[in-house]
>>> print(open('protein11.cif').read())   # mmCIF, C-alpha atoms and all ligand atoms
data_run
#
loop_
_atom_site.label_atom_id
_atom_site.label_comp_id
_atom_site.auth_asym_id
_atom_site.auth_seq_id
_atom_site.Cartn_x
_atom_site.Cartn_y
_atom_site.Cartn_z
CA MET F 902 0.00 0.00 0.00
CA ALA F 903 1.40 3.36 -1.06
CA THR F 904 1.07 6.33 1.28
CA ILE F 905 0.24 9.62 -0.31
CA PRO F 906 -0.50 12.90 1.48
CA ALA F 907 -4.23 13.74 1.61
CA GLN F 908 -3.75 17.10 -0.10
CA ARG F 909 -2.45 15.30 -3.16
CA TYR F 910 -5.73 13.64 -4.03
CA ASP F 911 -9.45 14.26 -3.95
CA ILE F 912 -11.49 11.10 -4.43
CA LYS F 913 -14.77 9.73 -3.15
CA ASP F 914 -13.41 7.26 -0.62
CA PRO F 915 -10.03 5.52 -0.29
CA ARG F 916 -11.84 2.54 1.27
CA LEU F 917 -13.13 1.65 -2.20
CA ALA F 918 -9.58 0.64 -3.15
CA ALA F 919 -10.02 -3.10 -2.57
CA ASP F 920 -12.98 -3.22 -4.99
CA GLY F 921 -11.12 -0.99 -7.39
CA ARG F 922 -8.01 -3.20 -7.37
CA ARG F 923 -10.03 -6.24 -8.49
CA MET F 924 -11.83 -4.23 -11.16
CA VAL F 925 -8.60 -2.78 -12.50
CA GLU F 926 -7.05 -6.27 -12.62
CA TRP F 927 -10.12 -7.57 -14.44
CA ALA F 928 -9.76 -4.87 -17.11
CA ALA F 929 -6.03 -5.64 -17.38
CA GLN F 930 -6.84 -9.15 -18.60
CA GLU F 931 -8.24 -7.60 -21.78
CA MET F 932 -5.33 -5.19 -22.23
CA PRO F 933 -2.41 -7.35 -23.41
CA VAL F 934 -0.82 -4.69 -25.62
CA LEU F 935 -0.64 -2.21 -22.78
CA ALA F 936 0.76 -5.00 -20.57
CA GLN F 937 3.65 -5.55 -22.99
CA ILE F 938 4.37 -1.85 -23.10
CA ARG F 939 4.29 -1.76 -19.32
CA GLU F 940 6.84 -4.58 -19.08
CA ARG F 941 9.21 -2.75 -21.41
CA PHE F 942 8.58 0.58 -19.64
CA GLU F 943 9.48 -1.04 -16.32
CA LYS F 944 12.90 -1.99 -17.70
CA GLU F 945 13.66 1.05 -19.86
CA LYS F 946 11.97 3.89 -17.91
CA PRO F 947 11.46 6.07 -21.00
CA LEU F 948 9.34 8.59 -19.08
CA LYS F 949 11.81 9.04 -16.22
CA GLY F 950 11.85 12.62 -14.98
CA GLN F 951 8.60 13.53 -16.74
CA ARG F 952 5.73 15.13 -14.84
CA LEU F 953 2.58 14.02 -16.58
CA SER F 954 -0.82 15.67 -16.01
CA ALA F 955 -3.61 13.56 -17.45
CA CYS F 956 -7.25 14.62 -17.82
CA LEU F 957 -9.03 11.41 -18.83
CA HIS F 958 -12.17 9.51 -17.95
CA VAL F 959 -11.06 7.87 -14.71
CA THR F 960 -12.07 4.29 -15.45
CA THR F 961 -10.52 0.91 -14.75
CA GLU F 962 -8.93 1.05 -18.21
CA THR F 963 -7.45 4.47 -17.52
CA ALA F 964 -6.11 3.10 -14.25
CA ASN F 965 -4.14 0.56 -16.28
CA LEU F 966 -2.76 3.35 -18.44
CA ALA F 967 -1.78 5.38 -15.39
CA ILE F 968 0.00 2.34 -13.89
CA THR F 969 1.84 1.84 -17.20
CA LEU F 970 2.95 5.47 -17.35
CA LYS F 971 4.16 5.27 -13.78
CA ALA F 972 6.04 2.07 -14.61
CA GLY F 973 7.74 4.06 -17.37
CA GLY F 974 9.05 6.51 -14.78
CA ALA F 975 6.45 9.28 -15.11
CA ASP F 976 5.29 11.21 -12.09
CA ILE F 977 1.59 11.28 -12.93
CA VAL F 978 -1.41 13.25 -11.68
CA LEU F 979 -4.83 12.29 -13.00
CA CYS F 980 -8.06 14.27 -13.08
CA ALA F 981 -11.45 13.53 -14.65
CA SER F 982 -12.36 14.63 -18.17
CA ASN F 983 -16.08 14.54 -17.37
CA PRO F 984 -17.94 15.09 -14.07
CA LEU F 985 -19.92 11.85 -14.42
CA SER F 986 -17.42 9.38 -15.87
CA THR F 987 -15.28 8.54 -12.84
CA ALA F 988 -15.25 4.99 -11.50
CA ASP F 989 -14.67 5.86 -7.84
CA PRO F 990 -13.20 2.44 -6.92
CA ALA F 991 -10.61 2.72 -9.71
CA ALA F 992 -9.66 6.20 -8.49
CA ALA F 993 -9.28 4.84 -4.96
CA SER F 994 -7.09 1.96 -6.09
CA LEU F 995 -4.77 4.30 -7.97
CA VAL F 996 -4.30 6.43 -4.88
CA VAL F 997 -4.06 3.66 -2.30
CA ASP F 998 -2.35 0.85 -4.22
CA HIS F 999 -0.19 2.81 -6.62
CA GLY F 1000 0.50 6.15 -4.94
CA ILE F 1001 -0.86 8.05 -7.94
CA SER F 1002 -2.50 11.43 -7.30
CA VAL F 1003 -6.08 11.45 -8.51
CA PHE F 1004 -8.54 14.34 -8.48
CA ALA F 1005 -11.89 12.91 -9.57
CA ILE F 1006 -15.22 12.11 -7.96
CA LYS F 1007 -18.21 10.75 -9.86
CA GLY F 1008 -20.96 13.36 -9.82
CA GLU F 1009 -18.68 16.29 -8.98
CA ASP F 1010 -20.17 19.69 -9.78
CA SER F 1011 -18.77 21.95 -12.44
CA GLU F 1012 -16.76 24.02 -9.98
CA THR F 1013 -15.10 20.92 -8.50
CA TYR F 1014 -14.46 19.57 -12.01
CA TYR F 1015 -12.48 22.69 -12.94
CA ARG F 1016 -10.77 22.83 -9.54
CA HIS F 1017 -9.57 19.28 -10.16
CA ILE F 1018 -8.19 20.28 -13.55
CA SER F 1019 -6.42 23.14 -11.84
CA SER F 1020 -4.94 20.69 -9.29
CA ALA F 1021 -3.62 18.58 -12.16
CA LEU F 1022 -2.01 21.68 -13.65
CA ASP F 1023 -0.43 22.53 -10.26
CA HIS F 1024 1.77 19.50 -11.00
CA ARG F 1025 3.61 21.69 -13.56
CA PRO F 1026 3.48 19.06 -16.28
CA THR F 1027 6.17 18.40 -18.84
CA ILE F 1028 3.63 16.28 -20.74
CA THR F 1029 -0.16 16.73 -20.92
CA MET F 1030 -2.63 13.99 -21.73
CA ASP F 1031 -6.14 15.13 -22.49
CA ASP F 1032 -9.54 13.79 -23.48
CA GLY F 1033 -11.63 16.65 -24.88
CA ALA F 1034 -8.95 19.37 -24.42
CA ASP F 1035 -10.29 20.91 -21.20
CA LEU F 1036 -6.84 20.57 -19.57
CA VAL F 1037 -4.96 22.18 -22.45
CA ALA F 1038 -7.66 24.84 -22.98
CA GLY F 1039 -7.54 25.67 -19.25
CA LEU F 1040 -3.77 25.98 -19.41
CA HIS F 1041 -4.01 28.29 -22.42
CA LYS F 1042 -6.66 30.45 -20.72
CA ASP F 1043 -5.38 30.76 -17.15
CA ARG F 1044 -1.99 29.11 -16.69
CA THR F 1045 0.05 30.13 -19.73
CA GLU F 1046 3.23 30.33 -17.64
CA LEU F 1047 3.25 26.52 -17.58
CA ALA F 1048 3.56 26.17 -21.35
CA ALA F 1049 7.32 26.83 -21.43
CA GLY F 1050 8.01 23.65 -19.44
CA ILE F 1051 5.91 21.38 -21.64
CA VAL F 1052 7.50 19.16 -24.25
CA GLY F 1053 4.13 18.21 -25.75
CA GLY F 1054 0.73 16.71 -25.14
CA THR F 1055 -1.56 13.99 -26.42
CA GLU F 1056 -5.28 14.17 -27.17
CA GLU F 1057 -7.60 11.20 -26.99
CA THR F 1058 -10.81 12.21 -28.70
CA THR F 1059 -12.33 13.74 -31.86
CA THR F 1060 -13.77 16.77 -30.07
CA GLY F 1061 -10.44 17.53 -28.41
CA VAL F 1062 -8.55 17.20 -31.67
CA ILE F 1063 -10.96 19.64 -33.35
CA ARG F 1064 -10.52 22.18 -30.54
CA LEU F 1065 -6.74 21.87 -30.61
CA GLN F 1066 -6.61 22.16 -34.39
CA SER F 1067 -8.60 25.36 -34.07
CA MET F 1068 -6.07 26.68 -31.53
CA ALA F 1069 -3.19 25.72 -33.86
CA LYS F 1070 -4.91 27.40 -36.82
CA GLN F 1071 -5.26 30.59 -34.79
CA LYS F 1072 -1.54 30.26 -33.88
CA LEU F 1073 -2.46 30.06 -30.19
CA LEU F 1074 -1.26 26.53 -29.45
CA ARG F 1075 1.86 26.74 -27.31
CA PHE F 1076 3.24 23.19 -27.63
CA PRO F 1077 2.92 20.22 -29.98
CA ILE F 1078 0.06 17.78 -29.62
CA ILE F 1079 -0.18 14.20 -30.83
CA ALA F 1080 -3.72 13.39 -31.90
CA VAL F 1081 -4.14 9.86 -30.57
CA ASN F 1082 -7.68 9.83 -31.95
CA GLU F 1083 -6.29 9.93 -35.48
CA ALA F 1084 -4.45 6.62 -35.12
CA GLN F 1085 -6.24 3.88 -37.03
CA THR F 1086 -5.82 1.53 -34.09
CA LYS F 1087 -7.74 4.11 -32.08
CA HIS F 1088 -10.73 5.40 -34.03
CA PHE F 1089 -11.45 2.28 -36.12
CA PHE F 1090 -11.95 0.32 -32.91
CA ASP F 1091 -12.56 2.59 -29.92
CA ASN F 1092 -14.85 5.07 -31.70
CA ARG F 1093 -16.67 2.43 -33.73
CA TYR F 1094 -16.91 -0.78 -31.69
CA GLY F 1095 -16.31 0.88 -28.31
CA THR F 1096 -18.95 3.60 -28.69
CA GLY F 1097 -21.29 1.20 -30.47
CA GLN F 1098 -21.34 -1.26 -27.60
CA SER F 1099 -20.97 1.07 -24.62
CA THR F 1100 -23.70 3.46 -25.78
CA ILE F 1101 -26.18 0.63 -26.11
CA ASP F 1102 -24.97 -0.59 -22.71
CA GLY F 1103 -25.63 2.85 -21.16
CA ILE F 1104 -29.11 3.11 -22.65
CA ILE F 1105 -30.05 -0.34 -21.44
CA ARG F 1106 -28.62 0.14 -17.95
CA ALA F 1107 -30.49 3.45 -17.59
CA THR F 1108 -33.84 2.28 -18.98
CA ASN F 1109 -33.93 -1.49 -19.46
CA VAL F 1110 -36.02 -0.87 -22.61
CA LEU F 1111 -36.24 -3.45 -25.38
CA LEU F 1112 -34.47 -2.21 -28.49
CA ALA F 1113 -36.00 -4.74 -30.86
CA GLY F 1114 -38.66 -3.06 -32.97
CA LYS F 1115 -37.88 0.46 -31.73
CA VAL F 1116 -37.11 3.35 -34.08
CA PHE F 1117 -33.58 4.33 -33.09
CA VAL F 1118 -32.30 7.65 -34.43
CA VAL F 1119 -28.53 8.10 -34.67
CA CYS F 1120 -27.55 11.75 -35.15
CA GLY F 1121 -24.14 11.84 -36.85
CA TYR F 1122 -22.45 9.17 -38.95
CA GLY F 1123 -18.80 9.55 -38.00
CA TRP F 1124 -16.94 6.54 -36.58
CA CYS F 1125 -19.02 6.63 -33.39
CA GLY F 1126 -22.30 6.95 -35.26
CA ARG F 1127 -21.36 4.11 -37.62
CA GLY F 1128 -20.64 1.82 -34.70
CA LEU F 1129 -23.77 2.81 -32.84
CA ALA F 1130 -26.06 2.36 -35.87
CA MET F 1131 -24.52 -1.06 -36.53
CA ARG F 1132 -25.05 -2.25 -32.97
CA ALA F 1133 -28.58 -0.79 -32.67
CA ARG F 1134 -29.52 -2.65 -35.86
CA GLY F 1135 -27.96 -5.77 -34.39
CA MET F 1136 -30.36 -5.47 -31.46
CA GLY F 1137 -33.32 -5.40 -33.83
CA ALA F 1138 -34.01 -1.66 -33.88
CA HIS F 1139 -35.11 0.20 -37.04
CA VAL F 1140 -32.29 2.68 -37.42
CA ILE F 1141 -32.59 6.17 -38.90
CA VAL F 1142 -29.41 8.17 -39.48
CA THR F 1143 -29.27 11.96 -39.67
CA GLU F 1144 -26.26 13.77 -41.13
CA VAL F 1145 -25.10 17.12 -42.50
CA ASP F 1146 -22.23 15.70 -44.59
CA PRO F 1147 -23.46 14.41 -47.98
CA VAL F 1148 -20.75 11.74 -48.30
CA ARG F 1149 -21.43 10.32 -44.86
CA ALA F 1150 -25.17 10.50 -45.51
CA LEU F 1151 -24.68 8.55 -48.72
CA GLU F 1152 -22.57 5.99 -46.90
CA ALA F 1153 -25.36 5.55 -44.34
CA VAL F 1154 -27.89 5.06 -47.16
CA MET F 1155 -25.73 2.39 -48.77
CA ASP F 1156 -25.09 0.78 -45.40
CA GLY F 1157 -28.84 0.19 -45.46
CA TYR F 1158 -30.20 2.85 -43.10
CA ARG F 1159 -32.98 5.36 -43.67
CA VAL F 1160 -31.55 8.87 -43.84
CA MET F 1161 -33.59 12.03 -43.35
CA PRO F 1162 -33.48 15.42 -41.61
CA LEU F 1163 -33.72 15.19 -37.85
CA THR F 1164 -36.92 17.24 -37.80
CA ASP F 1165 -38.58 14.48 -39.83
CA ALA F 1166 -36.99 11.70 -37.79
CA ALA F 1167 -38.16 13.47 -34.62
CA ARG F 1168 -41.75 12.51 -35.37
CA GLU F 1169 -40.90 8.80 -35.70
CA GLY F 1170 -38.14 8.09 -33.22
CA ASP F 1171 -38.46 6.18 -29.98
CA ILE F 1172 -34.81 6.65 -29.00
CA PHE F 1173 -32.50 9.48 -30.12
CA VAL F 1174 -28.73 9.48 -29.64
CA THR F 1175 -26.47 12.36 -30.61
CA VAL F 1176 -22.89 11.60 -31.64
CA THR F 1177 -21.99 14.65 -33.69
CA GLY F 1178 -19.55 16.74 -31.63
CA ASP F 1179 -21.68 19.81 -32.33
CA ILE F 1180 -24.13 21.88 -30.29
CA ASN F 1181 -27.94 22.00 -30.20
CA VAL F 1182 -28.38 19.13 -32.62
CA VAL F 1183 -31.61 18.24 -30.88
CA ASP F 1184 -33.16 21.70 -30.63
CA GLU F 1185 -36.55 23.28 -30.07
CA ALA F 1186 -38.08 22.24 -33.40
CA GLN F 1187 -37.10 18.60 -32.87
CA LEU F 1188 -38.15 18.54 -29.21
CA LYS F 1189 -41.54 19.93 -30.21
CA ALA F 1190 -42.02 17.22 -32.84
CA MET F 1191 -41.13 14.20 -30.68
CA LYS F 1192 -43.63 11.58 -29.57
CA SER F 1193 -44.49 11.37 -25.92
CA GLY F 1194 -42.25 8.73 -24.35
CA ALA F 1195 -39.23 9.43 -26.56
CA ILE F 1196 -35.86 8.73 -24.96
CA LEU F 1197 -32.97 11.19 -25.48
CA ALA F 1198 -29.31 10.43 -24.98
CA ASN F 1199 -25.98 11.88 -26.00
CA SER F 1200 -22.78 9.96 -26.63
CA GLY F 1201 -20.72 12.86 -27.96
CA HIS F 1202 -18.04 14.38 -25.73
CA PHE F 1203 -19.89 17.43 -24.38
CA ASN F 1204 -23.41 17.80 -22.97
CA ASP F 1205 -24.23 20.45 -25.59
CA GLU F 1206 -25.73 18.25 -28.29
CA ILE F 1207 -29.23 18.25 -26.83
CA ASN F 1208 -30.45 21.78 -26.09
CA LEU F 1209 -31.10 21.29 -22.39
CA ASN F 1210 -32.05 24.93 -21.80
CA VAL F 1211 -34.91 24.60 -24.25
CA LEU F 1212 -35.91 21.24 -22.79
CA ASP F 1213 -35.91 22.73 -19.28
CA GLY F 1214 -37.95 25.67 -20.54
CA MET F 1215 -40.57 23.38 -22.07
CA ALA F 1216 -40.93 21.34 -18.90
CA GLU F 1217 -43.61 21.76 -16.31
CA SER F 1218 -41.78 19.40 -13.97
CA VAL F 1219 -38.81 17.04 -13.93
CA ARG F 1220 -38.46 13.94 -11.82
CA THR F 1221 -35.86 11.23 -11.50
CA ILE F 1222 -37.30 7.85 -12.42
CA ARG F 1223 -34.17 5.79 -11.72
CA THR F 1224 -30.42 6.29 -11.91
CA SER F 1225 -29.49 8.22 -15.08
CA LEU F 1226 -33.13 8.54 -16.20
CA GLU F 1227 -35.10 11.76 -15.85
CA GLU F 1228 -38.67 12.36 -16.93
CA TYR F 1229 -39.54 15.78 -18.36
CA ARG F 1230 -43.28 16.46 -18.21
CA LEU F 1231 -43.92 19.10 -20.82
CA ARG F 1232 -46.61 21.73 -20.64
CA ASP F 1233 -48.34 20.21 -23.68
CA GLY F 1234 -48.77 16.93 -21.81
CA ARG F 1235 -46.01 14.95 -23.50
CA ARG F 1236 -43.24 13.22 -21.54
CA LEU F 1237 -39.63 13.06 -22.75
CA TYR F 1238 -36.95 11.02 -21.05
CA LEU F 1239 -33.38 12.29 -20.74
CA LEU F 1240 -30.51 9.93 -19.94
CA ALA F 1241 -27.46 10.87 -17.87
CA GLU F 1242 -28.23 14.60 -17.88
CA GLY F 1243 -27.29 14.70 -21.56
CA ARG F 1244 -23.68 13.79 -20.71
CA LEU F 1245 -21.98 10.94 -22.53
CA VAL F 1246 -24.33 8.12 -21.78
CA ASN F 1247 -21.77 5.37 -22.37
CA LEU F 1248 -19.58 6.58 -19.51
CA ALA F 1249 -22.14 8.23 -17.26
CA ALA F 1250 -24.73 5.41 -17.30
CA ALA F 1251 -22.35 2.52 -18.11
CA GLU F 1252 -18.58 2.05 -17.81
CA GLY F 1253 -17.32 3.39 -21.12
CA HIS F 1254 -15.69 1.36 -23.83
CA PRO F 1255 -14.63 -2.18 -23.01
CA ALA F 1256 -11.01 -2.77 -22.06
CA ALA F 1257 -10.22 -4.68 -25.26
CA VAL F 1258 -10.51 -1.52 -27.36
CA MET F 1259 -9.08 0.82 -24.73
CA ASP F 1260 -6.03 -1.47 -24.85
CA MET F 1261 -5.17 -0.05 -28.27
CA SER F 1262 -6.24 3.53 -27.53
CA PHE F 1263 -4.09 3.61 -24.44
CA ALA F 1264 -1.19 1.82 -26.09
CA ASN F 1265 -1.25 4.79 -28.49
CA GLN F 1266 -1.25 7.15 -25.52
CA ALA F 1267 1.70 5.45 -23.81
CA LEU F 1268 3.79 5.19 -26.97
CA SER F 1269 2.94 8.76 -28.01
CA ALA F 1270 4.13 10.01 -24.60
CA GLU F 1271 7.38 8.13 -25.15
CA TYR F 1272 7.64 9.63 -28.65
CA LEU F 1273 7.19 13.14 -27.24
CA VAL F 1274 10.05 12.60 -24.81
CA LYS F 1275 12.31 11.52 -27.69
CA HIS F 1276 11.15 13.93 -30.40
CA GLY F 1277 8.99 16.63 -28.80
CA SER F 1278 11.73 19.27 -28.85
CA SER F 1279 11.96 19.05 -32.65
CA LEU F 1280 8.18 19.35 -33.18
CA GLU F 1281 6.35 22.58 -33.95
CA ARG F 1282 3.31 23.98 -32.14
CA LYS F 1283 0.95 21.92 -34.23
CA VAL F 1284 -1.34 18.92 -34.00
CA TYR F 1285 0.46 15.80 -35.29
CA PRO F 1286 -0.87 12.35 -36.14
CA VAL F 1287 0.43 9.32 -34.27
CA PRO F 1288 3.47 8.09 -36.24
CA GLY F 1289 2.45 5.27 -38.60
CA ASP F 1290 5.09 2.92 -37.14
CA ILE F 1291 3.45 3.15 -33.73
CA ASP F 1292 -0.01 2.53 -35.20
CA ARG F 1293 1.13 -0.56 -37.15
CA GLU F 1294 3.10 -1.93 -34.21
CA ILE F 1295 0.02 -1.72 -31.99
CA ALA F 1296 -2.04 -3.61 -34.59
CA ARG F 1297 0.70 -6.26 -34.81
CA LEU F 1298 0.86 -6.66 -31.04
CA LYS F 1299 -2.94 -6.86 -30.77
CA LEU F 1300 -3.16 -9.53 -33.46
CA ALA F 1301 -0.36 -11.50 -31.81
CA ALA F 1302 -2.14 -11.27 -28.44
CA MET F 1303 -5.29 -12.61 -30.12
CA ASP F 1304 -3.22 -15.41 -31.62
CA ILE F 1305 -4.09 -14.36 -35.14
CA ARG F 1306 -1.47 -14.68 -37.86
CA ILE F 1307 -1.58 -12.86 -41.19
CA ASP F 1308 0.21 -13.16 -44.52
CA THR F 1309 3.30 -11.23 -45.56
CA LEU F 1310 4.12 -9.91 -49.03
CA SER F 1311 6.57 -11.98 -51.05
CA GLU F 1312 9.58 -10.05 -52.40
CA GLU F 1313 8.03 -10.21 -55.83
CA GLN F 1314 4.75 -8.75 -54.56
CA ALA F 1315 6.50 -5.95 -52.67
CA ARG F 1316 8.53 -5.09 -55.80
CA TYR F 1317 5.36 -5.08 -57.90
CA LEU F 1318 3.61 -2.66 -55.56
CA GLY F 1319 6.62 -0.33 -55.74
CA GLY F 1320 6.68 -0.27 -59.56
CA TRP F 1321 4.58 1.08 -62.39
CA GLU F 1322 5.83 -0.78 -65.46
CA SER F 1323 3.49 -3.73 -65.57
CA GLY F 1324 -0.09 -3.02 -66.57
CA THR F 1325 -2.80 -4.91 -68.46
CA ARG F 1326 -1.61 -8.30 -69.72
N1 LIG I 1401 -13.56 6.69 -23.25
C1 LIG I 1401 -14.53 5.84 -23.61
N2 LIG I 1401 -14.48 4.73 -22.87
C2 LIG I 1401 -13.45 4.87 -22.00
C3 LIG I 1401 -12.91 4.05 -20.99
N3 LIG I 1401 -13.41 2.83 -20.73
N4 LIG I 1401 -11.86 4.51 -20.31
C4 LIG I 1401 -11.37 5.72 -20.59
N5 LIG I 1401 -11.81 6.55 -21.53
C5 LIG I 1401 -12.86 6.13 -22.24
#
>>> encode(input="protein11.cif", output="structure tokens")
Amino acid sequence: MATIPAQRYDIKDPRLAADGRRMVEWAAQEMPVLAQIRERFEKEKPLKGQRLSACLHVTTETANLAITLKAGGADIVLCASNPLSTADPAAASLVVDHGISVFAIKGEDSETYYRHISSALDHRPTITMDDGADLVAGLHKDRTELAAGIVGGTEETTTGVIRLQSMAKQKLLRFPIIAVNEAQTKHFFDNRYGTGQSTIDGIIRATNVLLAGKVFVVCGYGWCGRGLAMRARGMGAHVIVTEVDPVRALEAVMDGYRVMPLTDAAREGDIFVTVTGDINVVDEAQLKAMKSGAILANSGHFNDEINLNVLDGMAESVRTIRTSLEEYRLRDGRRLYLLAEGRLVNLAAAEGHPAAVMDMSFANQALSAEYLVKHGSSLERKVYPVPGDIDREIARLKLAAMDIRIDTLSEEQARYLGGWESGTR
């Protein structure tokens, strides 16, 4: 048991550590790639001397990442990247069993959330690790003096990458960022299969409704939307996709879904899930058109996708039906049901993506942190993709861990692909 001064953490209850330890170990069984990295990190200590401030969903999977980074020599402080996504037992285990400073409590209010981010910044990081860019944005707003000591940062999610790219475009970004989300071994799996499964999991845990036969509206057909639509169809729902991008809309059509404007879908849908990364996707016009009994959830990063101000304004009364499920009685007599306060339903009402996909996402995080230590000083103040070698190596390790072998190109085939001379025979 590690001892750690009380002022260096703020968690729900250290006595949850025993539960947390078992849960973190359970997740580790599905994270063989991260385990291999951890073994090497233990020997090589590539992060020695680095102070790492991480703002991530504090889950059992994140606990395994934090343990890996510590094994690599990093002095790590962790805070939550969403007020509702913390697994309190995992946070307790990190503090008690691993001596890692954690500032995260499930259900913390907005003020505490930002105070916890501030505590993570008090660590004076040399590396930042973010999920949604609240840590880096906070640093750029209020703590700019810290930027000089930072070699670089990593960003986990689509929304964060978009925010950071906007900062870079405006020439405001003060250190390089590696966009972990852009790795193929991240978004092909985490965004698609992770969000697909965990969002359905959150909806079912919050409501226990039958999905078979329901009209399930997926707003946004990015990687998350694709995964969610696929899994909702797999459960027997009739899926409608809404999009603003014509190419994605066309893809959804050819994937076999009905596609229409959300205002039209609003009249038909039983369950609506936003996964767009934009604001007020479900707005007044759509809320007015919905059937009584419709269920609303968001699985995008921020709780801005459903216009909650409008929903509140339409409501005569609101009552909690069960955990993560609130009933809005509207003045016109209809009832709408909001899950997890409009926050990401997969983490707030369930446990986030399963460990098997977070294995690859967090392998990208660990190896990108190592890359920043080696190469950060030669990078510009831009958003960079994860180097292709890292991405391919993670895929190789994952396949090997799954005991799946693949073919290799013969010399002749490799030569052929590198040439242009041979054409139609
Ligand atoms: N984002 C989505 N699922 C997650 C998980 N299980 N752990 C950390 N971040 C996540």
>>> closest_residue(input="protein11.cif", among="F:Gly1137, F:Gly974, F:Gly1000, F:Gly1128", to="Leu1111 of chain F", atoms="all atoms listed in the file")
F:Gly1137
>>> residues_around(input="protein11.cif", residues="Gly1234 of chain F", least_positions_apart="5", cutoff="10 Å", atoms="all atoms listed in the file", output="ChimeraX atom specification")
/F:1193,1216-1217,1229
>>> residues_near_ligand(input="protein11.cif", ligand="ligand LIG 1401 (chain I)", cutoff="9 Å", atoms="only C-alpha atoms and all ligand atoms", output="list in words")
Leu957, His958, Val959, Thr960, Thr961, Glu962, Thr963, Ala964, Ser982, Ser986, Asp1032, Glu1057, Thr1058, Asp1091, Asn1092, Gly1095, Thr1096, Ser1099, Asn1247, Leu1248, Glu1252, Gly1253, His1254, Pro1255, Ala1256, Val1258, Met1259, Ser1262 and Phe1263 of chain F
>>> write_last_selection(input="protein11.cif", atoms="C-alpha atoms", output="mmCIF file, in the frame of the given file")
data_model
loop_
_atom_site.group_PDB
_atom_site.id
_atom_site.type_symbol
_atom_site.label_atom_id
_atom_site.label_comp_id
_atom_site.auth_asym_id
_atom_site.auth_seq_id
_atom_site.Cartn_x
_atom_site.Cartn_y
_atom_site.Cartn_z
ATOM 1 C CA LEU F 957 -9.030 11.410 -18.830
ATOM 2 C CA HIS F 958 -12.170 9.510 -17.950
ATOM 3 C CA VAL F 959 -11.060 7.870 -14.710
ATOM 4 C CA THR F 960 -12.070 4.290 -15.450
ATOM 5 C CA THR F 961 -10.520 0.910 -14.750
ATOM 6 C CA GLU F 962 -8.930 1.050 -18.210
ATOM 7 C CA THR F 963 -7.450 4.470 -17.520
ATOM 8 C CA ALA F 964 -6.110 3.100 -14.250
ATOM 9 C CA SER F 982 -12.360 14.630 -18.170
ATOM 10 C CA SER F 986 -17.420 9.380 -15.870
ATOM 11 C CA ASP F 1032 -9.540 13.790 -23.480
ATOM 12 C CA GLU F 1057 -7.600 11.200 -26.990
ATOM 13 C CA THR F 1058 -10.810 12.210 -28.700
ATOM 14 C CA ASP F 1091 -12.560 2.590 -29.920
ATOM 15 C CA ASN F 1092 -14.850 5.070 -31.700
ATOM 16 C CA GLY F 1095 -16.310 0.880 -28.310
ATOM 17 C CA THR F 1096 -18.950 3.600 -28.690
ATOM 18 C CA SER F 1099 -20.970 1.070 -24.620
ATOM 19 C CA ASN F 1247 -21.770 5.370 -22.370
ATOM 20 C CA LEU F 1248 -19.580 6.580 -19.510
ATOM 21 C CA GLU F 1252 -18.580 2.050 -17.810
ATOM 22 C CA GLY F 1253 -17.320 3.390 -21.120
ATOM 23 C CA HIS F 1254 -15.690 1.360 -23.830
ATOM 24 C CA PRO F 1255 -14.630 -2.180 -23.010
ATOM 25 C CA ALA F 1256 -11.010 -2.770 -22.060
ATOM 26 C CA VAL F 1258 -10.510 -1.520 -27.360
ATOM 27 C CA MET F 1259 -9.080 0.820 -24.730
ATOM 28 C CA SER F 1262 -6.240 3.530 -27.530
ATOM 29 C CA PHE F 1263 -4.090 3.610 -24.440
#
>>> atom_distance(input="protein11.cif", atom1="atom CA of Leu995 of chain F", atom2="atom CA of Val1052 of chain F")
25.2 Å
>>> closest_residue(input="protein11.cif", among="F:Val1081, F:Asp1308, F:Arg1149, F:Ile968", to="Gln1266 of chain F", atoms="all atoms listed in the file")
F:Val1081
>>> closest_residue(input="protein11.cif", among="F:Ala928, F:Val1274, F:Ala1190, F:Ala1133", to="Pro947 of chain F", atoms="only C-alpha atoms")
F:Val1274
>>> residues_around(input="protein11.cif", residues="Thr1059 of chain F", least_positions_apart="6", cutoff="9 Å", atoms="all atoms listed in the file", output="PyMOL selection string")
chain F and resi 1032-1033+1080+1082-1083+1088+1178+1202
>>> closest_residue(input="protein11.cif", among="F:Cys1120, F:Ile1079, F:Leu1231, F:Ala1113", to="Tyr1272 of chain F", atoms="only C-alpha atoms")
F:Ile1079
